[in-house]
Structures are given as C-alpha cells and as structure tokens.
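In what follows, a single structure is set out as structure tokens and then discussed.
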Amino acid sequence: MIRLPKDETKTMVAVHGWSGILLGLLLYAVVLTGTAAVFADEIGIWSAGHVSTQSSFERPLGDTLRKLGAETPAKYHEGVDLYEIGDHDLGIFFHRHEMDKGEIIARGIYYTLGKDGRVTDRRPATDEEVYGTRNDNALSAFLVETHVRLHLPNPWGLLLTGIVGLSMLIAAVSGLLIHRHLFKDIFTLRRNANPVLVNRDKHSVAGTWSLPFAFILAFTGSFFSFFGTVGVPIVAMAAFGGNQQVLQETVFGNPGKPDPRPTGIGNFDRISSDAIARAGTVPTFVAIENFGRADSKVTTYHSPKSGAIAPMTLLYNGATARFEQVKPLIGPKPSAGGTLAAIMYPLHFGNFAGMVSKAIWFGLGFAMCYVTYTGLCLWLSRRESASRSLAWLERTNMIVGLGLPFALASSAAAFLVAMPLGTAIWWTPTGFLIGTATTILAGCLAPNTAWLSRALRIGTGVMMLLLPLLRLLSGGPGWSTAIAAHQPIIVTLDIAFIVAGAWTLAELWKPRPVVHRPMTLQAAE
C-alpha cells in the first residue's frame with residue numbers, strides 16, 4: 001500500500017494525467033508499432049512466404065568467400081559484412097569507410113548468394129543501399145522504422161521517440177505513486193458496477209500488471225533514442241576531439257598491433273561451425289576486419305544463448321581461424337556497463353527467450369496500448385462539463401486509437417498485393433497512408449463517436465480476416481507446404497489474424513450497457 005499526503009496525491013494525479021495527455025496519442029502509436037515489431041522477423045517470414053529453415057552459415061562458404069575476395073579490389077578489403085537476406089540467402093559486402101559530406105559511410109562491392117552458393121547479384125553500393133529496405137522485407141522494415149523513428153529524418157525521429165519514452169517513464173512512476181492499494185488493484189475488476197467504474201478498473205488492472213514492463217520499455221527505449229543522438233556526440237567531443245569514428249573504433253573495435261602482411265583468410269567454415277557450437281545459435285551477422293591480412297579479425301554476432309539475456313559475440317583470428325574470446329559489446333574486457341548495454345536490445349524487444357518471451361512482450365505491449373487509450377478516455381470522462389470544448393480530442397483519440405490498427409492492416413494488405421510485382425517498397429507505406437486518410441475522413445464525417453468506433457472496428461476486423469487470403473492469392477505457400485518445410489510461423493500468423501479479426505467483429509455484437517455521455521466510455525470497453 002502506498003500512502004501520500006492529500007496535496008501530493010493531487011499533484012501526482014495531475015502529473016500522471018497531463019503526461020499522458022500531452023504525448024499520449026504519440027505514445028500509443030510508438031507502443032503499438034513496437035508491439036507489432038516484437039514479431040518483425042516472424043512477420044517478415046509470413047508476409048514474404050519464406051519456408052527455408054537452413055541458415056546460410058550452416059552451408060559451406062569458405063571457398064566462395066576466398067574467390068570473391070580475389071575478384072574484389074583490395075581497397076575494399078578493409079571490412080567484409082556477411083548477413084542473411086530473403087529466404088536464407090546471403091549478402092556479402094566488401095567495403096571501406098569514407099567521408100561523404102561530413103559523414104562516415106561504407107562504400108564497396110555487394111554480392112548476394114543463393115542457396116546453392118552461386119552469386120546471384122554483384123554491384124557497387126554504399127551501406128545505405130545495402131542495408132536499406134528490400135522488396136521482400138518492406139513490411140517488417142516499415143513496422144520497425146515506424147516504431148524507432150516514426151519515419152522522421154535523423155536525429156529528430158530518435159529524439160522524439162526518446163522524449164515519448166521519458167513521458168512513459170513519468171506516467172509509470174506517477175501511476176505507481178497514486179495507487180493507494182497497489183496489490184488490491186491487481187485483482188479488482190467489478191464487472192457489474194457502473195460503466196465508469198468498470199472502465200477505471202480495467203485501466204487500473206492492465207496498468208498495474210504492466211508497470212514493470214512500462215519501466216523496462218521506457219528506460220531501454222530512451223537509451224536507444226538518446227545513445228546515438230546525444231550520448232555519442234558528447235563523449236566524442238569530450239574525449240576524442242569530436243571524432244566519432246575514433247570513438248567507435250576505441251569502444252567497439254578490436255585493439256591490436258597492425259600487421260598488413262598479405263595472408264589468406266583462414267578456414268571460414270571452421271569458424272562458422274565453432275561459433276554455432278559455442279553460442280548454440282547461428283550467427284545473425286558476421287564482420288571481418290582487414291580481409292586477407294595477418295591482423296584479420298572475424299566477429300560473429302548471435303542471439304542470446306538459452307537461459308541468457310545478453311546476446312553473444314565471439315572473436316576469431318581471421319588468418320588462422322583460431323578462437324580468441326567471447327567479446328564484450330563495449331571495450332576489450334567485460335564490464336558492468338558493457339553488460340548493461342548488451343541487454344538493452346533483448347529487454348526492449350523481448351527476444352531473449354525465443355517465442356515465449358516474445359509472446360509475453362507482445363501481451364504486455366498490448367496491455368500498455370490499452371492503458372494509454374483508456375487513460376485518455378477516462379481523462380475525458382471526468383471533464384463532461386467541458387465535453388463540447390474537448391469533443392475534438394475525444395474524436396482524435398478514437399481516430400488514432402482505433403484507426404492505427406486499421407492503417408497497419410492496410411499497409412500489410414498493400415504489401416501482400418505489391419510484393420509479387422516488385423513494388424512493395426513504395427506500396428507498403430502508401431497503403432498505410434491510404435488507411436490513415438480513410439480513418440481521418442471517417443472521423444470528420446462520422447455523425448457521432450459510437451458510429452465511428454463501430455466503423456473502424458468493422459474495417460479492422462474485415463482487413464485482418466482478408467490478410468491470410470491475400471497472402472495465398474499473391475502466391476504465398478499454403479499450410480501443407482509450410483508444415484512440410486517445418487516452417488510453422490506462416491500457419492501460426494494466419495490463424496492469429498483470423499482469430500483477431502473474428503474476435504474484433506464478434507465484440508461488436510455483444511450486449512453493452514447504454515451510456516449516453518460520454519461516448520468515449522462505450523468505445524473504451
């Protein structure tokens with residue numbers, strides 16, 4: 001039980017309310033897209049119809065890598081990045097770092113390898129072109145980019161999401177302090193009470209259960225947003241004369257005496273097999289420094305090992321293929337700061353325990369969306385006397401709260417139609433904009449909020465039911481093909497969309513108590 005003096009409680013209630021009102025709708029958008037982004041990889045597999053389950057790093061690559069190194073100009077041997085693309089194909093980027101308009105970029109030759117190990121594409125490229133959105137991952141990339149930067153240019157998008165994270169932290173702390181009966185509120189749900197009390201109980205229960213998650217999400221999200229935009233420039237200016245490249249090499253690089261003697265790359269296949277055995281997972285990314293030199297280093301990056309939270313990074317001697325150490329994320333030796341920084345990403349996206357932790361993070365993220373939306377509804381309901389002056393906020397809350405899921409479903413539908421045509425990069429955000437424009441138009445023309453709520457729910461439910469059908473009609477694999485290929489993600493997400501769509505529509509036909517004012521309460525149930 002938390003007891004504060006009456007005046008302090010009133011202050012905390014005001015802080016809690018206004019922190020949610022000022023950035024509540026933006027916070028809702030960030031959390032909702034983040035909830036979807038938890039399953040970004042799975043959504044990518046489902047939407048693009050990827051059925052292969054064997055990693056590229058489990059196939060022989062050593063001979064191909066040596067051959068490509070011989071074909072690539074030596075000036076691009078400074079670094080080589082290897083990572084999976086598409087349906088377990090492989091991207092290989094030989095590059096060097098250059099200054100371009102005051103910014104550091106990587107420029108070189110980019111290769112793609114098919115499952116048979118043959119080169120399917122070769123072209124000059126920069127890191128922006130190599131790691132940019134592709135036709136087959138346009139949907140998952142759109143979800144992540146919306147969550148991380150809201151599609152705003154750097155650094156403004158990251159700064160804005162960082163501020164949203166701080167407002168979420170303020171709301172979580174103030175919400176904790178105003179709960180006079182914290183443990184009682186976890187289980188209090190009066191279903192037959194007045195609708196106002198019912199909605200308040202739902203808001204309190206969802207908010208109380210998700211409080212720890214809110215702290216984690218707010219802290220890690222703010223860390224990501226401010227680390228590169230504020231932290232790195234300040235440290236670089238204070239300790240490295242403003243040179244961010246030297247800072248990154250010092251903090252993240254592999255120290256050692258330079259040895260430019262030409263030496264063939266070691267047995268890369270042995271490095272891959274040893275890394276998989278040590279980490280228990282296939283690499284998500286492999287970086288080679290000083291390819292073809294005696295001081296070459298190979299770094300493999302892996303998801304967290306079973307039972308661990310921090311991802312694993314392994315360092316090998318590139319010339320001899322000898323294992324050297326488990327590499328900390330920051331600095332040459334393990335440290336508390338390095339460990340804390342390493343667990344930020346897994347804690348934010350919940351990918352440290354596979355599908356179990358992702359499912360928990362998805363559920364808690366959904367609860368946070370509900371808390372944010374109903375919090376705005378309850379704030380409006382307490383101000384019935386000012387309902388006319390706040391009618392625009394009530395309608396805006398519904399447009400964003402119920403319209404954003406519809407717009408996201410519209411972007412998924414646009415992707416599924418456009419991907420076989422090779423135009424998904426353009427149509428995925430366009431589909432979102434079309435869904436957004438439709439929602440705003442409905443919000444302007446709707447005679448009342450009850451009509452608007454029903455229309456948006458019907459649209460979202462129908463759209464979700466159509467997604468599995470659109471996936472099949474666009475050439476995606478059927479359930480029997482996916483099951484035969486041991487790829488359950490496709491079937492699972494099909495069923496999830498069908499269930500979600502059916503539940504959304506079924507909720508509209510449930511009998512509800514009649515509440516004349518405010519309409520917000522009916523929409524919040």
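Labels used: A, B, ... for chains in the order of the structure tokens, numbers from 1 for residues in each chain, and numbers from 1 for ligands as shown.
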Worksheet item: Got a sec to tell me which of range 317-524 of chain A DSSP assigns to strand (DSSP E), as a list in words?
Response: Asn317, Phe323, Glu324, Gln325 and Val326 of chain A
Worksheet entry | Contact residues around range 409-425 of chain A with only C-alpha atoms at 7 Å, ignoring same-chain residues under 4 positions, as a list of chain:residue names | A:Ser47, A:Thr133, A:Arg134, A:Asn135, A:Asp136, A:Ala138, A:Leu139, A:Pro405, A:Pro429, A:Gly431, A:Phe432, A:Gly435, A:Thr460, A:Met463, A:Met464, A:Leu467, A:Leu470, A:Arg471, A:Ser474
Fill in: Contacts of Tyr111 in chain A at 12 Å (only C-alpha atoms; same-chain gap of 6+ positions) as a VMD selection string
chain A and resid 64 to 65 67 to 69 71 to 72 80 to 85 89 to 95 117 to 125 130
Take the residues from that selection and put them in a file with N, CA and C atoms, as a PDB file, in the first residue's frame.
ATOM      1  N   THR A  64      33.893 -19.941 -51.503  1.00  0.00           N
ATOM      2  CA  THR A  64      33.231 -18.817 -52.180  1.00  0.00           C
ATOM      3  C   THR A  64      33.761 -17.488 -51.665  1.00  0.00           C
ATOM      4  N   LEU A  65      33.983 -17.391 -50.369  1.00  0.00           N
ATOM      5  CA  LEU A  65      34.481 -16.152 -49.779  1.00  0.00           C
ATOM      6  C   LEU A  65      35.879 -15.829 -50.292  1.00  0.00           C
ATOM      7  N   LYS A  67      37.148 -16.806 -53.151  1.00  0.00           N
ATOM      8  CA  LYS A  67      37.014 -16.463 -54.573  1.00  0.00           C
ATOM      9  C   LYS A  67      36.540 -15.023 -54.741  1.00  0.00           C
ATOM     10  N   LEU A  68      35.546 -14.622 -53.952  1.00  0.00           N
ATOM     11  CA  LEU A  68      35.042 -13.253 -54.058  1.00  0.00           C
ATOM     12  C   LEU A  68      36.101 -12.251 -53.606  1.00  0.00           C
ATOM     13  N   GLY A  69      36.895 -12.611 -52.607  1.00  0.00           N
ATOM     14  CA  GLY A  69      37.966 -11.727 -52.164  1.00  0.00           C
ATOM     15  C   GLY A  69      38.991 -11.495 -53.253  1.00  0.00           C
ATOM     16  N   GLU A  71      38.349 -11.541 -56.428  1.00  0.00           N
ATOM     17  CA  GLU A  71      37.720 -10.768 -57.503  1.00  0.00           C
ATOM     18  C   GLU A  71      37.483  -9.308 -57.099  1.00  0.00           C
ATOM     19  N   THR A  72      37.484  -9.029 -55.809  1.00  0.00           N
ATOM     20  CA  THR A  72      37.160  -7.685 -55.312  1.00  0.00           C
ATOM     21  C   THR A  72      38.433  -6.855 -55.183  1.00  0.00           C
ATOM     22  N   VAL A  80      34.451  -6.768 -44.317  1.00  0.00           N
ATOM     23  CA  VAL A  80      33.506  -7.625 -45.037  1.00  0.00           C
ATOM     24  C   VAL A  80      32.374  -7.955 -44.078  1.00  0.00           C
ATOM     25  N   ASP A  81      31.144  -7.657 -44.482  1.00  0.00           N
ATOM     26  CA  ASP A  81      29.960  -7.979 -43.686  1.00  0.00           C
ATOM     27  C   ASP A  81      29.211  -9.121 -44.349  1.00  0.00           C
ATOM     28  N   LEU A  82      28.800 -10.110 -43.560  1.00  0.00           N
ATOM     29  CA  LEU A  82      28.014 -11.232 -44.056  1.00  0.00           C
ATOM     30  C   LEU A  82      26.741 -11.327 -43.224  1.00  0.00           C
ATOM     31  N   TYR A  83      25.600 -11.409 -43.881  1.00  0.00           N
ATOM     32  CA  TYR A  83      24.324 -11.491 -43.167  1.00  0.00           C
ATOM     33  C   TYR A  83      23.285 -12.107 -44.095  1.00  0.00           C
ATOM     34  N   GLU A  84      22.272 -12.704 -43.490  1.00  0.00           N
ATOM     35  CA  GLU A  84      21.239 -13.380 -44.275  1.00  0.00           C
ATOM     36  C   GLU A  84      20.216 -12.386 -44.806  1.00  0.00           C
ATOM     37  N   ILE A  85      19.743 -12.653 -46.007  1.00  0.00           N
ATOM     38  CA  ILE A  85      18.690 -11.852 -46.618  1.00  0.00           C
ATOM     39  C   ILE A  85      17.652 -12.796 -47.203  1.00  0.00           C
ATOM     40  N   ASP A  89      19.036 -16.568 -48.091  1.00  0.00           N
ATOM     41  CA  ASP A  89      20.148 -16.275 -48.993  1.00  0.00           C
ATOM     42  C   ASP A  89      21.181 -15.484 -48.196  1.00  0.00           C
ATOM     43  N   LEU A  90      22.301 -15.138 -48.829  1.00  0.00           N
ATOM     44  CA  LEU A  90      23.368 -14.473 -48.093  1.00  0.00           C
ATOM     45  C   LEU A  90      23.818 -13.212 -48.806  1.00  0.00           C
ATOM     46  N   GLY A  91      23.979 -12.133 -48.041  1.00  0.00           N
ATOM     47  CA  GLY A  91      24.549 -10.904 -48.552  1.00  0.00           C
ATOM     48  C   GLY A  91      25.981 -10.750 -48.062  1.00  0.00           C
ATOM     49  N   ILE A  92      26.900 -10.393 -48.952  1.00  0.00           N
ATOM     50  CA  ILE A  92      28.310 -10.207 -48.605  1.00  0.00           C
ATOM     51  C   ILE A  92      28.732  -8.828 -49.112  1.00  0.00           C
ATOM     52  N   PHE A  93      29.216  -7.982 -48.208  1.00  0.00           N
ATOM     53  CA  PHE A  93      29.545  -6.602 -48.543  1.00  0.00           C
ATOM     54  C   PHE A  93      31.014  -6.327 -48.239  1.00  0.00           C
ATOM     55  N   PHE A  94      31.861  -6.307 -49.297  1.00  0.00           N
ATOM     56  CA  PHE A  94      33.247  -5.881 -49.175  1.00  0.00           C
ATOM     57  C   PHE A  94      33.261  -4.351 -49.241  1.00  0.00           C
ATOM     58  N   HIS A  95      33.911  -3.683 -48.271  1.00  0.00           N
ATOM     59  CA  HIS A  95      33.798  -2.225 -48.242  1.00  0.00           C
ATOM     60  C   HIS A  95      34.983  -1.572 -47.533  1.00  0.00           C
ATOM     61  N   GLY A 117      24.955 -21.442 -53.294  1.00  0.00           N
ATOM     62  CA  GLY A 117      26.276 -20.851 -53.163  1.00  0.00           C
ATOM     63  C   GLY A 117      26.720 -20.043 -54.357  1.00  0.00           C
ATOM     64  N   ARG A 118      25.884 -19.933 -55.362  1.00  0.00           N
ATOM     65  CA  ARG A 118      26.246 -19.171 -56.555  1.00  0.00           C
ATOM     66  C   ARG A 118      25.899 -17.692 -56.382  1.00  0.00           C
ATOM     67  N   VAL A 119      26.717 -16.843 -57.009  1.00  0.00           N
ATOM     68  CA  VAL A 119      26.480 -15.407 -56.943  1.00  0.00           C
ATOM     69  C   VAL A 119      25.295 -15.054 -57.838  1.00  0.00           C
ATOM     70  N   THR A 120      24.273 -14.443 -57.243  1.00  0.00           N
ATOM     71  CA  THR A 120      23.081 -14.045 -57.997  1.00  0.00           C
ATOM     72  C   THR A 120      23.053 -12.556 -58.312  1.00  0.00           C
ATOM     73  N   ASP A 121      23.918 -11.779 -57.654  1.00  0.00           N
ATOM     74  CA  ASP A 121      23.950 -10.336 -57.908  1.00  0.00           C
ATOM     75  C   ASP A 121      25.304  -9.790 -57.474  1.00  0.00           C
ATOM     76  N   ARG A 122      25.795  -8.799 -58.215  1.00  0.00           N
ATOM     77  CA  ARG A 122      27.057  -8.130 -57.877  1.00  0.00           C
ATOM     78  C   ARG A 122      26.944  -6.689 -58.327  1.00  0.00           C
ATOM     79  N   ARG A 123      27.180  -5.745 -57.394  1.00  0.00           N
ATOM     80  CA  ARG A 123      27.053  -4.339 -57.780  1.00  0.00           C
ATOM     81  C   ARG A 123      27.792  -3.442 -56.796  1.00  0.00           C
ATOM     82  N   PRO A 124      28.270  -2.279 -57.273  1.00  0.00           N
ATOM     83  CA  PRO A 124      28.829  -1.286 -56.347  1.00  0.00           C
ATOM     84  C   PRO A 124      27.707  -0.735 -55.469  1.00  0.00           C
ATOM     85  N   ALA A 125      28.017  -0.445 -54.212  1.00  0.00           N
ATOM     86  CA  ALA A 125      26.960   0.015 -53.298  1.00  0.00           C
ATOM     87  C   ALA A 125      27.573   0.710 -52.098  1.00  0.00           C
ATOM     88  N   VAL A 130      22.875  -1.032 -49.187  1.00  0.00           N
ATOM     89  CA  VAL A 130      22.955  -2.442 -48.817  1.00  0.00           C
ATOM     90  C   VAL A 130      21.972  -2.784 -47.708  1.00  0.00           C
TER      91      VAL A 130
END
Worksheet item: Can you tell me how far CA of Thr299 in chain A sits from CA of Arg322 in chain A, in Å to one decimal?
Response: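 We find that CA of Thr299 in chain A and CA of Arg322 in chain A lie 11.7 Å from each other.
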Worksheet, complete the sentence: Using only C-alpha atoms, the shortest atom-to-atom distance to Trp451 in chain A among A:Met398, A:Pro346, A:Asp274, A:Phe268 belongs to A:Met398
Worksheet item: Per DSSP on the backbone, what are the alpha helix (DSSP H) residues of range 469-501 of chain A, as JSON, numbers by chain?
Response: {"A": [469, 470, 471, 472, 473, 479, 480, 481, 482, 483, 484, 488, 489, 490, 491, 492, 493, 494, 495, 496, 497, 498, 499, 500, 501]}
Worksheet item: Expressed in Å to a single decimal, how great is the separation between CA of Arg395 in chain A and CA of Thr449 in chain A?
Response: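 Computing it gives 6.5 Å between the two atoms.
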Item to complete: Give the answer as one residue: which of A:Lys333, A:Trp426, A:Ser210, A:Arg278 has the shortest atom-to-atom distance to Gly253 in chain A, using only C-alpha atoms?
Response: A:Lys333
Practice prompt. Could you check how far CA of Leu376 in chain A sits from CA of Gly24 in chain A, in Å to one decimal?
Written response: 7.3 Å
Worksheet item: Using only C-alpha atoms, which of A:Ala341, A:Val144, A:Cys377, A:Val462 sits nearest Lys202 in chain A?
Response: A:Cys377
Item to complete: Could you tell me which of A:Ala319, A:Leu152, A:Met368, A:Val282 comes closest to Lys305 in chain A if we count only C-alpha atoms?
Response: A:Val282
